[in-house]
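Enquirer: Here it is, the structure, as C-alpha cells.
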Amino acid sequence: MKGIARLVERPARWLAYFCALLILAMSFWITYDVVTRNLFGWAAPWAFDLSEYSLVWMTFLAAPWILLCDRHVRVEILIDALGPRPQRAIGVVVSVVGLIVCAILAWRTGIAAVEYAQNDVKMGRIWNISRIYPYIAVPFGSAALTLAFLVRLLTYLGERDPEATLRASGGHGAGPLGGT
C-alpha cells in the first residue's frame, strides 16, 4: 500500500508545487492589472481570463495533494465521536463514492477535451486558442484525484486505525500517509 501511495503522492506533490507557483504568478499579474488600470488608465484584459483559468487549474491540480494530506473539508466532530469500526466504514464509503465520482468526471471531461481538440473549439473571449488548453486540468486533475481516493480507500481497508494514520499525515512536514 505504501508503494502505491508513494507513486500517487510524488506527482500530486509536484502538482501542488505548480499550483503554488501559479498563485504567486497570479498575484503578480493581478497587481500589474490593478496598478496599470489605476495609474495609467489602461487595463490588461488578459489578466481576468488568466486568473479565471488559473483558478480552475489550482482547484483541480492541488486537490489530490490536499486529499492525501488530509487537509480537505470534512466533519471531524462526527468522525471523532465514533469508534474505529464506524470510522472505517464511513471512510470506505466516502472513498468509494469519491473515487467513482472523480473517475466519471475524468472520463466525461476527457471526452469533452478530445472533442474540443478534434473540432478545434476556440475560446469565446480575447484568446484565440483552442478551448482544451485552459480546461485540460479538469480531466487530468480528476484522474489524479481518483488515484488519491484509491490510496485513501486502501488506507481505510489496510490500516488498523486509519484515522490515526490520516491524522498523522496531516501535512506537518511529513508526506501523505506517512511518506516523505
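Each chain in the C-alpha cells gets a letter, A, B and so on, in the order shown; residues start at 1 in every chain, and ligands are counted from 1 in the order they appear.
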Report the closest atom pair, with its distance in Å rounded to one decimal, for each residue of range 85-136 of chain A that has an atom no farther than 8 Å from range 154-159 of chain A; count only C-alpha atoms, sort by chain and then rising residue number, and write it as JSON lines.

Expert:
```
{"residue": "A:Arg88", "atom": "CA", "partner": "A:Tyr156", "partner_atom": "CA", "distance": 5.8}
{"residue": "A:Gly91", "atom": "CA", "partner": "A:Tyr156", "partner_atom": "CA", "distance": 6.3}
{"residue": "A:Val92", "atom": "CA", "partner": "A:Tyr156", "partner_atom": "CA", "distance": 6.0}
```

Enquirer: So that I have them on file, write out the residues from the current selection with C-alpha atoms, as a CSV table (one decimal), in the first residue's frame.

Expert:
```csv
chain,number,residue,atom,x,y,z
A,88,ARG,CA,-13.5,2.8,8.8
A,91,GLY,CA,-14.2,6.3,5.3
A,92,VAL,CA,-14.6,3.3,2.9
```

Enquirer: Do a neighbour search on Val94 in chain A at 10 Å with only C-alpha atoms, toss out local chain neighbours closer than 4 positions, and write the hits as a compact mmCIF listing (two decimals) with C-alpha atoms, in the first residue's frame.

Expert:
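Written output follows (out31.txt):
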```txt
# COMPACT_ATOMS: atom_id res chain seq x y z
CA ARG A 88 -13.55 2.84 8.85
CA ALA A 89 -16.99 2.12 7.35
CA ILE A 90 -17.67 5.81 6.70
CA GLY A 98 -15.28 9.97 -4.25
CA LEU A 99 -13.36 7.52 -6.42
CA ILE A 100 -16.42 6.80 -8.60
CA PHE A 149 -9.21 8.42 -3.40
CA ARG A 152 -7.32 6.70 0.75
CA LEU A 153 -9.56 3.66 0.24
```

Enquirer: If you count only C-alpha atoms, which residues fall within 10 Å of Cys102 in chain A, apart from same-chain ones fewer than 2 positions away, as an MDAnalysis selection string?

Expert: chainID A and resid 96:100 104:108 139 141:149

Enquirer: Please determine, counting only C-alpha atoms, which residue among A:Leu50, A:Val101, A:Ala113, A:Val75 has the shortest atom-to-atom distance to Leu22 in chain A.

Expert: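 Ranking A:Leu50, A:Val101, A:Ala113, A:Val75 by distance to Leu22 in chain A, first place goes to A:Leu50.
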
Enquirer: Can you list, as a PyMOL selection string, every protein, DNA or RNA residue that comes within 12 Å of Trp14 in chain A when you count only C-alpha atoms, leaving out same-chain residues fewer than 3 positions away?

Expert: chain A and resi 7-11+17-21+61-65+144

Enquirer: DSSP on the backbone, helix (DSSP H, G or I) only: what residues of chain A does that give? Format it as an MDAnalysis selection string.

Expert: chainID A and resid 2:40 45:68 76:81 84:119 132:135 137:158 162:168 176:178

Enquirer: Which is closer to Tyr133 in chain A than all the others in A:Ser54, A:Ala16, A:Asp80, A:Leu150, using only C-alpha atoms?

Expert: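 The closest residue to Tyr133 in chain A is A:Ser54.
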
Enquirer: If you count only C-alpha atoms, which residues fall within 7 Å of Ser51 in chain A, apart from same-chain ones fewer than 4 positions away, as an MDAnalysis selection string?

Expert: chainID A and resid 26 47 55

Enquirer: Which residue gives the smallest distance to Leu15 in chain A among A:Thr59, A:Asn119, A:Gln87, A:Ser130, with only C-alpha atoms counted?

Expert: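 Result for the nearest residue to Leu15 in chain A: A:Thr59.
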
Enquirer: Hey, which of A:Arg167, A:Lys2, A:Arg13, A:Arg160 ends up closest to Pro84 in chain A? Count only C-alpha atoms.

Expert: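 With only C-alpha atoms as the atom set, the closest residue is A:Arg160.
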